[in-house]
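Asks: My file is upload.csv. It has CSV, C-alpha atoms:
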```csv
chain,number,residue,atom,x,y,z
A,276,ASP,CA,10.0,21.7,-23.0
A,277,THR,CA,7.0,20.3,-24.8
A,278,GLY,CA,5.0,23.5,-24.7
A,279,VAL,CA,2.6,22.2,-22.0
A,280,SER,CA,2.9,24.0,-18.7
A,281,GLN,CA,1.7,23.2,-15.3
A,282,ASP,CA,1.4,25.3,-12.2
A,283,PRO,CA,2.5,25.0,-9.4
A,284,ARG,CA,5.3,22.6,-9.9
A,285,HIS,CA,5.2,21.6,-6.2
A,286,LYS,CA,2.5,21.8,-3.6
A,287,ILE,CA,2.6,20.9,0.0
A,288,THR,CA,-0.7,20.8,1.9
A,289,LYS,CA,-2.2,19.5,5.0
A,290,ARG,CA,-4.7,16.7,5.1
A,291,GLY,CA,-8.2,18.0,4.6
A,292,GLN,CA,-7.3,21.1,2.6
A,293,ASN,CA,-8.4,21.7,-0.9
A,294,VAL,CA,-5.8,22.1,-3.7
A,295,THR,CA,-6.1,23.3,-7.3
A,296,PHE,CA,-3.7,22.7,-10.2
A,297,ARG,CA,-3.6,24.4,-13.5
A,298,CYS,CA,-2.5,23.1,-16.9
A,299,ASP,CA,-1.9,25.2,-20.0
A,300,PRO,CA,-1.9,22.9,-23.1
A,301,ILE,CA,-0.3,23.7,-26.5
A,302,SER,CA,-2.7,26.3,-27.9
A,303,GLU,CA,-4.0,24.4,-30.9
A,304,HIS,CA,-4.5,21.1,-29.1
A,305,ASN,CA,-8.1,20.1,-28.7
A,306,ARG,CA,-7.7,17.2,-26.2
A,307,LEU,CA,-6.4,17.6,-22.7
A,308,TYR,CA,-5.7,14.7,-20.3
A,309,TRP,CA,-5.0,14.5,-16.6
A,310,TYR,CA,-2.9,11.6,-15.1
A,311,ARG,CA,-1.6,10.8,-11.7
A,312,GLN,CA,1.7,9.0,-11.1
A,313,THR,CA,3.1,7.5,-7.9
A,314,LEU,CA,6.7,6.4,-7.4
A,315,GLY,CA,7.7,3.4,-9.4
A,316,GLN,CA,4.4,3.3,-11.4
A,317,GLY,CA,3.4,4.5,-14.8
A,318,PRO,CA,0.9,7.4,-15.1
A,319,GLU,CA,-2.7,6.5,-14.3
A,320,PHE,CA,-5.5,8.1,-16.4
A,321,LEU,CA,-7.8,10.4,-14.5
A,322,THR,CA,-9.9,12.2,-17.1
A,323,TYR,CA,-9.8,13.9,-20.4
A,324,PHE,CA,-11.5,16.8,-22.3
A,325,GLN,CA,-12.3,17.3,-25.9
A,326,ASN,CA,-12.3,21.1,-26.2
A,327,GLU,CA,-14.4,22.1,-23.2
A,328,ALA,CA,-16.3,18.9,-22.9
A,329,GLN,CA,-15.2,16.3,-20.3
A,330,LEU,CA,-15.6,13.1,-22.2
A,331,GLU,CA,-14.3,10.5,-19.8
A,332,LYS,CA,-13.5,10.0,-16.2
A,333,SER,CA,-11.7,7.1,-14.6
A,334,ARG,CA,-14.0,4.7,-12.9
A,335,LEU,CA,-11.6,4.8,-10.0
A,336,LEU,CA,-11.7,8.5,-9.6
A,337,SER,CA,-13.0,9.7,-6.3
A,338,ASP,CA,-15.7,12.3,-6.2
A,339,ARG,CA,-13.3,14.6,-4.3
A,340,PHE,CA,-11.6,15.1,-7.7
A,341,SER,CA,-13.1,17.5,-10.2
A,342,ALA,CA,-11.7,19.0,-13.4
A,343,GLU,CA,-12.7,21.8,-15.7
A,344,ARG,CA,-11.7,23.2,-19.0
A,345,PRO,CA,-13.6,26.4,-19.5
A,346,LYS,CA,-13.5,27.7,-23.1
A,347,GLY,CA,-11.5,24.8,-24.2
A,348,SER,CA,-8.1,26.3,-23.3
A,349,PHE,CA,-6.5,25.8,-19.9
A,350,SER,CA,-7.7,23.2,-17.4
A,351,THR,CA,-7.9,23.0,-13.7
A,352,LEU,CA,-7.9,19.9,-11.5
A,353,GLU,CA,-9.2,20.4,-7.9
A,354,ILE,CA,-8.9,17.9,-5.1
A,355,GLN,CA,-11.1,18.5,-2.1
A,356,ARG,CA,-10.4,17.3,1.4
A,357,THR,CA,-7.0,16.0,0.5
A,358,GLU,CA,-5.8,12.7,1.9
A,359,GLN,CA,-2.3,11.4,2.3
A,360,GLY,CA,-3.0,8.9,-0.4
A,361,ASP,CA,-3.4,11.7,-2.8
A,362,SER,CA,0.3,12.4,-2.7
A,363,ALA,CA,1.6,11.9,-6.2
A,364,MET,CA,2.7,13.6,-9.4
A,365,TYR,CA,-0.2,15.0,-11.3
A,366,LEU,CA,0.5,15.2,-15.0
A,367,CYS,CA,-1.3,17.0,-17.8
A,368,ALA,CA,-1.0,16.1,-21.5
A,369,SER,CA,-2.5,17.5,-24.6
A,370,THR,CA,-2.8,16.4,-28.2
A,371,LYS,CA,-4.2,17.9,-31.4
A,372,GLY,CA,-4.9,14.5,-32.9
A,373,LEU,CA,-7.6,14.4,-35.5
A,374,ALA,CA,-9.0,11.0,-34.8
A,375,GLY,CA,-8.3,7.5,-33.5
A,376,SER,CA,-4.6,6.6,-33.1
A,377,SER,CA,-3.4,10.1,-33.5
A,378,TYR,CA,-4.7,10.8,-30.0
A,379,ASN,CA,-2.1,8.4,-28.7
A,380,GLU,CA,0.7,11.0,-29.4
A,381,GLN,CA,0.4,13.1,-26.3
A,382,PHE,CA,2.5,15.9,-25.1
A,383,PHE,CA,3.1,15.9,-21.4
A,384,GLY,CA,3.8,18.8,-19.1
A,385,PRO,CA,6.4,18.7,-16.3
A,386,GLY,CA,3.8,17.8,-13.6
A,387,THR,CA,2.7,19.1,-10.3
A,388,ARG,CA,4.1,17.2,-7.3
A,389,LEU,CA,1.6,17.1,-4.5
A,390,THR,CA,2.6,16.2,-0.9
A,391,VAL,CA,-0.2,15.8,1.6
A,392,LEU,CA,1.1,15.9,5.2
B,289,LEU,CA,-8.7,-3.8,-22.2
B,290,ALA,CA,-5.5,-4.8,-23.8
B,291,LYS,CA,-2.8,-5.2,-21.2
B,292,THR,CA,0.9,-5.2,-21.9
B,293,THR,CA,3.8,-7.0,-20.3
B,294,GLN,CA,7.4,-5.8,-20.5
B,295,PRO,CA,10.6,-6.5,-18.6
B,296,ILE,CA,10.9,-4.5,-15.4
B,297,SER,CA,14.5,-3.6,-16.0
B,298,MET,CA,17.4,-3.9,-18.5
B,299,ASP,CA,21.0,-2.9,-18.5
B,300,SER,CA,23.1,-2.0,-21.5
B,301,TYR,CA,26.4,-0.4,-22.4
B,302,GLU,CA,27.0,2.8,-24.4
B,303,GLY,CA,27.1,2.2,-28.1
B,304,GLN,CA,25.0,-1.0,-28.0
B,305,GLU,CA,21.7,-1.6,-29.6
B,306,VAL,CA,18.9,-2.1,-27.1
B,307,ASN,CA,15.8,-4.1,-27.9
B,308,ILE,CA,12.8,-3.9,-25.5
B,309,THR,CA,10.0,-6.4,-26.2
B,310,CYS,CA,6.4,-5.9,-25.1
B,311,SER,CA,3.7,-8.6,-25.1
B,312,HIS,CA,0.1,-7.6,-25.8
B,313,ASN,CA,-1.8,-10.8,-26.4
B,314,ASN,CA,-5.2,-9.3,-26.3
B,315,ILE,CA,-4.6,-6.4,-28.7
B,316,ALA,CA,-7.7,-5.4,-30.6
B,317,THR,CA,-8.0,-4.8,-34.3
B,318,ASN,CA,-8.2,-1.0,-34.0
B,319,ASP,CA,-5.4,-0.7,-31.4
B,320,TYR,CA,-2.1,0.9,-32.2
B,321,ILE,CA,1.1,0.2,-30.3
B,322,THR,CA,2.7,3.3,-28.8
B,323,TRP,CA,6.0,3.7,-26.9
B,324,TYR,CA,6.9,6.5,-24.5
B,325,GLN,CA,10.1,7.5,-22.7
B,326,GLN,CA,10.2,9.1,-19.2
B,327,PHE,CA,13.1,10.6,-17.4
B,328,PRO,CA,13.0,11.2,-13.6
B,329,SER,CA,10.9,14.2,-12.6
B,330,GLN,CA,9.6,14.7,-16.1
B,331,GLY,CA,6.5,13.8,-18.0
B,332,PRO,CA,6.6,11.0,-20.5
B,333,ARG,CA,7.7,11.7,-24.1
B,334,PHE,CA,6.2,10.0,-27.1
B,335,ILE,CA,8.8,8.0,-29.0
B,336,ILE,CA,7.1,6.0,-31.7
B,337,GLN,CA,3.8,4.4,-32.8
B,338,GLY,CA,2.9,1.6,-35.2
B,339,TYR,CA,0.2,-0.8,-36.3
B,340,LYS,CA,2.1,-3.5,-38.1
B,341,THR,CA,5.4,-4.4,-39.7
B,342,LYS,CA,8.2,-1.9,-39.1
B,343,VAL,CA,8.2,1.8,-38.3
B,344,THR,CA,11.4,3.9,-38.0
B,345,ASN,CA,12.0,7.5,-37.0
B,346,GLU,CA,15.0,9.5,-36.0
B,347,VAL,CA,15.3,8.0,-32.6
B,348,ALA,CA,14.0,4.4,-32.7
B,349,SER,CA,12.5,1.6,-34.7
B,350,LEU,CA,9.4,-0.4,-33.8
B,351,PHE,CA,9.0,-4.0,-35.0
B,352,ILE,CA,5.6,-5.6,-35.0
B,353,PRO,CA,5.1,-9.2,-36.2
B,354,ALA,CA,2.1,-10.2,-38.3
B,355,ASP,CA,0.1,-11.5,-35.3
B,356,ARG,CA,0.6,-8.2,-33.5
B,357,LYS,CA,0.7,-10.0,-30.1
B,358,SER,CA,4.1,-8.4,-29.3
B,359,SER,CA,6.3,-5.6,-30.4
B,360,THR,CA,10.0,-4.6,-30.0
B,361,LEU,CA,11.3,-1.2,-29.5
B,362,SER,CA,14.8,-0.9,-30.9
B,363,LEU,CA,17.2,1.9,-29.8
B,364,PRO,CA,20.3,2.1,-31.9
B,365,ARG,CA,23.7,2.9,-30.2
B,366,VAL,CA,22.4,4.0,-26.9
B,367,SER,CA,24.1,6.6,-24.8
B,368,LEU,CA,24.0,7.4,-21.1
B,369,SER,CA,21.2,9.9,-21.8
B,370,ASP,CA,19.0,7.1,-22.9
B,371,THR,CA,18.8,5.9,-19.3
B,372,ALA,CA,15.0,6.2,-18.6
B,373,VAL,CA,11.8,4.3,-18.2
B,374,TYR,CA,10.2,3.0,-21.4
B,375,TYR,CA,6.5,2.3,-21.6
B,376,CYS,CA,4.6,0.2,-24.1
B,377,LEU,CA,0.9,1.0,-24.6
B,378,VAL,CA,-1.9,-0.2,-26.9
B,379,GLY,CA,-5.0,1.6,-27.7
B,380,ASP,CA,-7.1,3.1,-30.5
B,381,GLY,CA,-7.0,6.6,-29.0
B,382,ASN,CA,-10.7,6.8,-28.5
B,383,TYR,CA,-10.8,5.8,-24.8
B,384,GLY,CA,-8.6,7.3,-22.1
B,385,GLN,CA,-9.1,4.4,-19.7
B,386,ASN,CA,-8.0,1.9,-22.3
B,387,PHE,CA,-4.6,3.7,-22.8
B,388,VAL,CA,-2.8,2.2,-19.9
B,389,PHE,CA,0.7,2.9,-18.7
B,390,GLY,CA,2.1,-0.2,-16.9
B,391,PRO,CA,5.2,0.0,-14.7
B,392,GLY,CA,7.4,0.2,-17.8
B,393,THR,CA,11.0,-1.0,-18.4
B,394,ARG,CA,13.7,0.8,-16.6
B,395,LEU,CA,16.7,0.9,-18.9
B,396,SER,CA,20.1,1.7,-17.4
B,397,VAL,CA,22.9,2.5,-19.8
B,398,LEU,CA,26.3,2.0,-18.4
B,399,PRO,CA,29.6,3.6,-19.5
```
Render the structure in this file as structure tokens.

Replies:
Amino acid sequence: DTGVSQDPRHKITKRGQNVTFRCDPISEHNRLYWYRQTLGQGPEFLTYFQNEAQLEKSRLLSDRFSAERPKGSFSTLEIQRTEQGDSAMYLCASTKGLAGSSYNEQFFGPGTRLTVL
Amino acid sequence: LAKTTQPISMDSYEGQEVNITCSHNNIATNDYITWYQQFPSQGPRFIIQGYKTKVTNEVASLFIPADRKSSTLSLPRVSLSDTAVYYCLVGDGNYGQNFVFGPGTRLSVLP
């Protein structure tokens, strides 16, 4: 257990429905990342926050995806109008890195596995 | 964007030392080399990070030659529980999109 929690652990939904995932990072961590991982591939970066500010989004990220981190604590990732291609493991990570390379040491949660039928 | 290349899979036996080499020919001056381990149905776990020469911690060693175009993760005396996927990444920590997980190396430790 890294101290990063995600909820729910599993989600099954029908195509076209909206889903929302929650991530609770380690409390003193200022950066929070979202990744998506499909079978046999490494995690793919989606977006990250520094405190409550969303500093970067993947150029490949569809506008159906939105993330928030109100008050710089927990974060939510919402997927609107889900598609079967959205089926994946969604991972959250956090770090308290102070600068530069220290941000590379990320603590990952267990992930939320999404299945879109 | 510094890309990395590593073997897709490796087999080893319990008690052996395992060395996984990663190529990163386009590594930038400010980039560090970071390795993660991932077990099935879990998030990746940070193993080790380095910039040049050799770094050692309680679980692994990282060897980086002077030109920094490659690196080698060394796992001493592996056990069955070291069976996992190992990812090599390069980045300076300032850009999320530049910190890229490739497909990794699937290490199988046999009894």

Asks: Write out as a PyMOL selection string each polymer residue whose atoms come within 8 Å of B:Gly338, counting only C-alpha atoms; drop sequence neighbours fewer than 2 positions from it.

Replies: chain B and resi 320-322+336+340-343+350+352

Asks: Restrict the selected residues to C-alpha atoms and save them as an mmCIF file, in the frame of the given file.

Replies:
```
data_model
loop_
_atom_site.group_PDB
_atom_site.id
_atom_site.type_symbol
_atom_site.label_atom_id
_atom_site.label_comp_id
_atom_site.auth_asym_id
_atom_site.auth_seq_id
_atom_site.Cartn_x
_atom_site.Cartn_y
_atom_site.Cartn_z
ATOM 1 C CA TYR B 320 -2.100 0.900 -32.200
ATOM 2 C CA ILE B 321 1.100 0.200 -30.300
ATOM 3 C CA THR B 322 2.700 3.300 -28.800
ATOM 4 C CA ILE B 336 7.100 6.000 -31.700
ATOM 5 C CA LYS B 340 2.100 -3.500 -38.100
ATOM 6 C CA THR B 341 5.400 -4.400 -39.700
ATOM 7 C CA LYS B 342 8.200 -1.900 -39.100
ATOM 8 C CA VAL B 343 8.200 1.800 -38.300
ATOM 9 C CA LEU B 350 9.400 -0.400 -33.800
ATOM 10 C CA ILE B 352 5.600 -5.600 -35.000
#
```

Asks: Chain B residues within 12 Å of chain A, counting all atoms listed in the file: which ones, as a PyMOL selection string?

Replies: chain B and resi 296-297+317-339+373-394

Asks: Could you pull out every residue with an atom within 7 Å of (4.3, -7.9, -28.7), file coordinates, counting only C-alpha atoms, and send them as a PyMOL selection string?

Replies: chain B and resi 309-312+352+356-360

Asks: Report the distance between atom CA of A:Leu307 and atom CA of A:Thr370 in Å, rounded to one decimal place.

Replies: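 Straight-line distance from atom CA of A:Leu307 to atom CA of A:Thr370 works out to 6.7 Å.
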
Asks: Show which residues sit within 9 Å of A:Arg344, as a ChimeraX atom specification. Count all atoms listed in the file, and ignore same-chain residues fewer than 4 positions away.

Replies: /A:307,324,326-329,348-351

Asks: I'd like the interatomic distance between atom CA of B:Asn345 and atom CA of A:Asn305, to a tenth of an Å.

Replies: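 According to the coordinates, atom CA of B:Asn345 and atom CA of A:Asn305 are separated by 25.1 Å.
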
Asks: What lies within 8 Å of stretch 283-295 of chain A using only C-alpha atoms, ignoring chain neighbours under 2 positions off, as a PDB file with C-alpha atoms, keeping the file's coordinate frame?

Replies:
```
ATOM      1  CA  GLN A 281       1.700  23.200 -15.300  1.00  0.00           C
ATOM      2  CA  ARG A 297      -3.600  24.400 -13.500  1.00  0.00           C
ATOM      3  CA  THR A 351      -7.900  23.000 -13.700  1.00  0.00           C
ATOM      4  CA  LEU A 352      -7.900  19.900 -11.500  1.00  0.00           C
ATOM      5  CA  GLU A 353      -9.200  20.400  -7.900  1.00  0.00           C
ATOM      6  CA  ILE A 354      -8.900  17.900  -5.100  1.00  0.00           C
ATOM      7  CA  GLN A 355     -11.100  18.500  -2.100  1.00  0.00           C
ATOM      8  CA  ARG A 356     -10.400  17.300   1.400  1.00  0.00           C
ATOM      9  CA  THR A 357      -7.000  16.000   0.500  1.00  0.00           C
ATOM     10  CA  GLU A 358      -5.800  12.700   1.900  1.00  0.00           C
ATOM     11  CA  GLN A 359      -2.300  11.400   2.300  1.00  0.00           C
ATOM     12  CA  PRO A 385       6.400  18.700 -16.300  1.00  0.00           C
ATOM     13  CA  GLY A 386       3.800  17.800 -13.600  1.00  0.00           C
ATOM     14  CA  THR A 387       2.700  19.100 -10.300  1.00  0.00           C
ATOM     15  CA  ARG A 388       4.100  17.200  -7.300  1.00  0.00           C
ATOM     16  CA  LEU A 389       1.600  17.100  -4.500  1.00  0.00           C
ATOM     17  CA  THR A 390       2.600  16.200  -0.900  1.00  0.00           C
ATOM     18  CA  VAL A 391      -0.200  15.800   1.600  1.00  0.00           C
ATOM     19  CA  LEU A 392       1.100  15.900   5.200  1.00  0.00           C
TER      20      LEU A 392
END
```

Asks: Quick one: distance from atom CA of A:His304 to atom CA of A:Ala342 in Å, one decimal?

Replies: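 A separation of 17.4 Å between them.
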
Asks: So which residues touch B:Asp370 within 8 Å, counting all atoms listed in the file, skipping near sequence neighbours fewer than 4 positions away, as a list in words?

Replies: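 Listed by chain and then number, they are Val366, Leu395, Ser396 and Val397 of chain B.
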
Asks: At a cut-off of 6 Å around the point (-0.8, -8.7, -22.6) (file coordinates), what residues fall inside when counting only C-alpha atoms? I'd like the answer as a PyMOL selection string.

Replies: chain B and resi 291-293+311-314

Asks: Would you pick out the contacts of B:Asn307 at 8 Å or less, using all atoms listed in the file, so that residues sharing its chain but fewer than 4 positions from it are not included, and give the list as an NGL selection string?

Replies: :B and (360-363)

Asks: Between A:Gln325, A:Ser369, A:Ser280, A:Phe296, which residue has the minimum interatomic distance to A:Phe340, considering all atoms listed in the file?

Replies: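 Among the listed residues, the smallest separation from A:Phe340 belongs to A:Phe296.
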